[in-house]
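See below for the structure under consideration.
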Amino acid sequence: MMMPVILFAFSGALCLVLLGFAFAGPSASRVQSRRLHALKGRYSGSRETVAQAQLRGILAQRDTKLDEYFTRFVPKPAALRKRLDMTGRDWTLGQYALACVGITVGVALLVHLKGPPLPLSILVGLFVGLGFPHKAVGFLIGRRVKLFTAKFPDAIELLVRGLRSGLPISETLTVVGQEVPGPVGVEFRAISDRIKIGRTMEASLQETADRLGTPEFQFFTITLAIQRETGGNLAETLSNLADVLRKRAQMKLKIKAMSSESKASALIVGSLPFIVFIMVWFVNADYMKGFFSDTRLMIAGMGGLFWMGIGAFIMAKMVSFEI
């Protein structure tokens, strides 16, 4: 009888703490830092500083009250905001927080209705509510990066043709943003827009490289930076870079084909326990219901899942190759 009372008291105290944080006033140090940055951007004569101030103002206008509240509970809100931006969607921190809370509560209620105790239901809800959105964002980031990497050599070839026809590099970046579809066009349009409001080309390219996190675009950024410092035939250099990126993509496909057998074996071995569990459930459901009601079986099942996760992680690392 004491466990529900303790859980209820803990939940009430946690809600009060969260409400206190939510309705508390803004941090004085953050307000002072924000004002100093605004004054610096307003009265500084540097174009780069003014451009950064304008970008911060645009990003600040996108934030809602829910985003500001959620920022207080995240250790690194900038990193999470960066991950959401990498998906190419207009998702905010507040929307991500609502999705996590909704999935957590829904899963916890569904699991608790099946019979497990409340603490285990909450743990399962937290695991799914925090893990599923994180994995979904990672999946969208990976898919967008793959699309970008596949079209990026074509964009460099378009840059080469524009440079050989006599256009400056800034104009060719604008042309690529208008002509190339998909994530490549979106990123190059963003680079062109940042250059138009006063950012330098190096800073705009490096900001995109940091957000994408792909070595291909980092090669492109370093190539342009070196060429602007040392000079030389930029069209020829970019043409060689496009050829290197295409050969790099071919090497990745070869490695994927060579490791496909090992990946299939790991997938079969990892999924076999779950397949057997489902088959036994359909044959004799009463025999398997103990995993959802008996504490000893629940602990044994969680331990088995933990060690299976370690094994799957090791197998994934064994068949993962970096170029």
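Just remember, in the structure tokens the first chain shown is A, the second B, etc., residues are 1-based per chain, and ligands are 1-based in the order shown.
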Exercise. Neighbours of range 226-237 of chain A within 10 Å (only C-alpha atoms; same-chain residues fewer than 2 positions away dropped), as a ChimeraX atom specification?
Worked result: /A:156-157,159-164,169,202,220-224,239-242
Those selected residues, please, written with all heavy atoms and delivered as a compact mmCIF listing (two decimals), in the first residue's frame.
# COMPACT_ATOMS: atom_id res chain seq x y z
N ILE A 156 28.00 20.07 -57.96
CA ILE A 156 29.37 20.56 -58.20
C ILE A 156 29.64 20.66 -59.70
O ILE A 156 30.29 21.62 -60.16
CB ILE A 156 30.38 19.62 -57.52
CG1 ILE A 156 30.20 19.68 -56.01
CG2 ILE A 156 31.81 20.03 -57.88
CD1 ILE A 156 31.15 18.77 -55.25
N GLU A 157 29.15 19.71 -60.49
CA GLU A 157 29.31 19.78 -61.95
C GLU A 157 28.60 21.01 -62.51
O GLU A 157 29.11 21.67 -63.43
CB GLU A 157 28.75 18.52 -62.60
CG GLU A 157 29.55 17.26 -62.30
CD GLU A 157 30.91 17.27 -63.02
OE1 GLU A 157 31.11 18.11 -63.90
OE2 GLU A 157 31.75 16.43 -62.66
N LEU A 159 28.16 23.79 -60.82
CA LEU A 159 29.05 24.88 -60.44
C LEU A 159 30.22 25.02 -61.41
O LEU A 159 30.60 26.13 -61.79
CB LEU A 159 29.58 24.64 -59.02
CG LEU A 159 28.71 25.04 -57.83
CD1 LEU A 159 29.35 24.56 -56.54
CD2 LEU A 159 28.51 26.54 -57.80
N VAL A 160 30.79 23.90 -61.82
CA VAL A 160 31.92 23.92 -62.75
C VAL A 160 31.50 24.53 -64.08
O VAL A 160 32.22 25.37 -64.65
CB VAL A 160 32.47 22.50 -62.94
CG1 VAL A 160 33.52 22.47 -64.05
CG2 VAL A 160 33.09 22.00 -61.64
N ARG A 161 30.35 24.14 -64.59
CA ARG A 161 29.88 24.70 -65.86
C ARG A 161 29.61 26.19 -65.74
O ARG A 161 29.89 26.96 -66.68
CB ARG A 161 28.61 23.97 -66.31
CG ARG A 161 28.86 22.53 -66.73
CD ARG A 161 27.68 21.95 -67.49
NE ARG A 161 26.51 21.81 -66.62
CZ ARG A 161 26.24 20.71 -65.92
NH1 ARG A 161 27.08 19.66 -65.98
NH2 ARG A 161 25.16 20.64 -65.19
N GLY A 162 29.06 26.63 -64.60
CA GLY A 162 28.83 28.06 -64.42
C GLY A 162 30.12 28.85 -64.34
O GLY A 162 30.23 29.95 -64.91
N LEU A 163 31.13 28.31 -63.64
CA LEU A 163 32.42 29.00 -63.55
C LEU A 163 33.11 29.06 -64.90
O LEU A 163 33.73 30.09 -65.25
CB LEU A 163 33.31 28.28 -62.52
CG LEU A 163 32.86 28.39 -61.05
CD1 LEU A 163 33.71 27.48 -60.18
CD2 LEU A 163 32.95 29.83 -60.55
N ARG A 164 33.03 27.99 -65.68
CA ARG A 164 33.67 28.00 -66.99
C ARG A 164 32.98 28.93 -67.99
O ARG A 164 33.59 29.37 -68.95
CB ARG A 164 33.71 26.58 -67.55
CG ARG A 164 34.74 25.69 -66.83
CD ARG A 164 34.68 24.27 -67.31
NE ARG A 164 35.74 23.47 -66.67
CZ ARG A 164 35.84 22.15 -66.78
NH1 ARG A 164 34.94 21.46 -67.50
NH2 ARG A 164 36.82 21.51 -66.17
N ILE A 169 31.49 32.92 -58.42
CA ILE A 169 31.11 31.79 -57.57
C ILE A 169 29.81 32.08 -56.82
O ILE A 169 28.98 31.17 -56.62
CB ILE A 169 32.26 31.47 -56.57
CG1 ILE A 169 31.90 30.24 -55.72
CG2 ILE A 169 32.60 32.66 -55.72
CD1 ILE A 169 31.73 28.98 -56.50
N GLU A 202 32.76 32.04 -46.64
CA GLU A 202 33.38 31.01 -45.81
C GLU A 202 32.50 30.68 -44.60
O GLU A 202 32.30 29.50 -44.26
CB GLU A 202 34.76 31.45 -45.35
CG GLU A 202 35.81 31.50 -46.45
CD GLU A 202 35.72 32.78 -47.27
OE1 GLU A 202 34.86 33.63 -46.95
OE2 GLU A 202 36.50 32.93 -48.23
N PHE A 220 34.16 20.16 -49.87
CA PHE A 220 33.81 21.29 -50.73
C PHE A 220 34.13 22.62 -50.06
O PHE A 220 34.68 23.54 -50.69
CB PHE A 220 32.32 21.19 -51.07
CG PHE A 220 31.78 22.35 -51.85
CD1 PHE A 220 32.11 22.53 -53.18
CD2 PHE A 220 30.92 23.25 -51.26
CE1 PHE A 220 31.61 23.60 -53.91
CE2 PHE A 220 30.40 24.31 -51.97
CZ PHE A 220 30.74 24.48 -53.30
N THR A 221 33.80 22.73 -48.78
CA THR A 221 34.08 23.97 -48.05
C THR A 221 35.57 24.24 -47.95
O THR A 221 36.03 25.38 -48.17
CB THR A 221 33.46 23.88 -46.64
OG1 THR A 221 32.06 23.63 -46.75
CG2 THR A 221 33.68 25.17 -45.87
N ILE A 222 36.35 23.21 -47.64
CA ILE A 222 37.80 23.38 -47.53
C ILE A 222 38.40 23.73 -48.89
O ILE A 222 39.32 24.56 -48.98
CB ILE A 222 38.43 22.09 -46.96
CG1 ILE A 222 37.97 21.88 -45.51
CG2 ILE A 222 39.95 22.16 -47.02
CD1 ILE A 222 38.40 20.56 -44.93
N THR A 223 37.89 23.13 -49.95
CA THR A 223 38.40 23.43 -51.30
C THR A 223 38.20 24.88 -51.66
O THR A 223 39.12 25.55 -52.17
CB THR A 223 37.70 22.52 -52.32
OG1 THR A 223 37.96 21.15 -52.02
CG2 THR A 223 38.19 22.82 -53.73
N LEU A 224 37.01 25.42 -51.40
CA LEU A 224 36.76 26.83 -51.71
C LEU A 224 37.60 27.75 -50.83
O LEU A 224 38.11 28.78 -51.31
CB LEU A 224 35.27 27.14 -51.52
CG LEU A 224 34.30 26.55 -52.56
CD1 LEU A 224 32.88 27.00 -52.26
CD2 LEU A 224 34.69 26.96 -53.97
N SER A 239 35.98 20.16 -60.43
CA SER A 239 35.75 19.01 -61.30
C SER A 239 36.45 17.76 -60.74
O SER A 239 35.87 16.66 -60.73
CB SER A 239 36.24 19.30 -62.71
OG SER A 239 36.04 18.20 -63.56
N ASN A 240 37.67 17.93 -60.28
CA ASN A 240 38.37 16.80 -59.65
C ASN A 240 37.67 16.35 -58.37
O ASN A 240 37.60 15.15 -58.07
CB ASN A 240 39.82 17.19 -59.35
CG ASN A 240 40.62 17.44 -60.60
OD1 ASN A 240 40.33 16.89 -61.67
ND2 ASN A 240 41.64 18.29 -60.49
N LEU A 241 37.15 17.31 -57.60
CA LEU A 241 36.42 16.97 -56.37
C LEU A 241 35.16 16.16 -56.69
O LEU A 241 34.85 15.18 -56.00
CB LEU A 241 36.06 18.24 -55.61
CG LEU A 241 35.25 18.04 -54.33
CD1 LEU A 241 36.00 17.21 -53.32
CD2 LEU A 241 34.87 19.40 -53.73
N ALA A 242 34.43 16.56 -57.73
CA ALA A 242 33.24 15.81 -58.12
C ALA A 242 33.59 14.38 -58.51
O ALA A 242 32.87 13.43 -58.16
CB ALA A 242 32.52 16.53 -59.27
Problem set entry | Contact residues around range 133-142 of chain A with only C-alpha atoms at 7 Å, ignoring same-chain residues under 4 positions, as JSON, numbers by chain | {"A": [84, 86, 87, 100, 129, 146]}
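One distance worth recording is that between CA of Pro153 in chain A and CA of Arg194 in chain A, which is 22.4 Å.
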Quick one: residues within 12 Å of Ser259 in chain A, only C-alpha atoms counted, chain neighbours fewer than 5 positions away excluded, as a PDB file with C-alpha atoms, in the first residue's frame?
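This is the output file around.pdb:
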ATOM      1  CA  LYS A 252      30.484   2.715 -50.404  1.00  0.00           C
ATOM      2  CA  LEU A 253      28.203   0.665 -52.642  1.00  0.00           C
ATOM      3  CA  LYS A 254      30.871  -2.016 -53.043  1.00  0.00           C
ATOM      4  CA  ALA A 264      21.468 -10.484 -43.128  1.00  0.00           C
ATOM      5  CA  SER A 265      22.892 -13.079 -40.719  1.00  0.00           C
ATOM      6  CA  ALA A 266      22.919 -10.558 -37.860  1.00  0.00           C
ATOM      7  CA  MET A 315      27.335  -7.105 -34.597  1.00  0.00           C
ATOM      8  CA  ALA A 316      26.352  -3.728 -36.065  1.00  0.00           C
ATOM      9  CA  LYS A 317      29.815  -2.340 -35.355  1.00  0.00           C
ATOM     10  CA  MET A 318      31.457  -5.408 -36.903  1.00  0.00           C
ATOM     11  CA  VAL A 319      29.682  -4.883 -40.243  1.00  0.00           C
ATOM     12  CA  SER A 320      29.985  -1.073 -40.225  1.00  0.00           C
ATOM     13  CA  PHE A 321      32.852   0.386 -42.251  1.00  0.00           C
TER      14      PHE A 321
END
For this session: Counting only C-alpha atoms, figure out which residue out of A:Phe277, A:Phe313, A:Phe152, A:Phe132 gets nearest to Phe291 in chain A.
Result: A:Phe277
Exercise. Which value, in Å to one decimal, gives the distance between CA of Gly213 in chain A and CA of Gly182 in chain A?
Worked result: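 CA of Gly213 in chain A sits 17.3 Å away from CA of Gly182 in chain A.
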Exercise. Just asking: which residues within range 160-203 of chain A are alpha helix (DSSP H) according to DSSP, as a ChimeraX atom specification?
Worked result: /A:160-164,169-179,183-196,201-203
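Across A:Ala97, A:Val280, A:Ile103, A:Ile310, the tightest approach to Leu80 in chain A is made by A:Ala97 when counting only C-alpha atoms.
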Seminar exercise, completed: Expressed in Å, the length from CA of Thr208 in chain A to CA of Arg81 in chain A is 14.3 Å
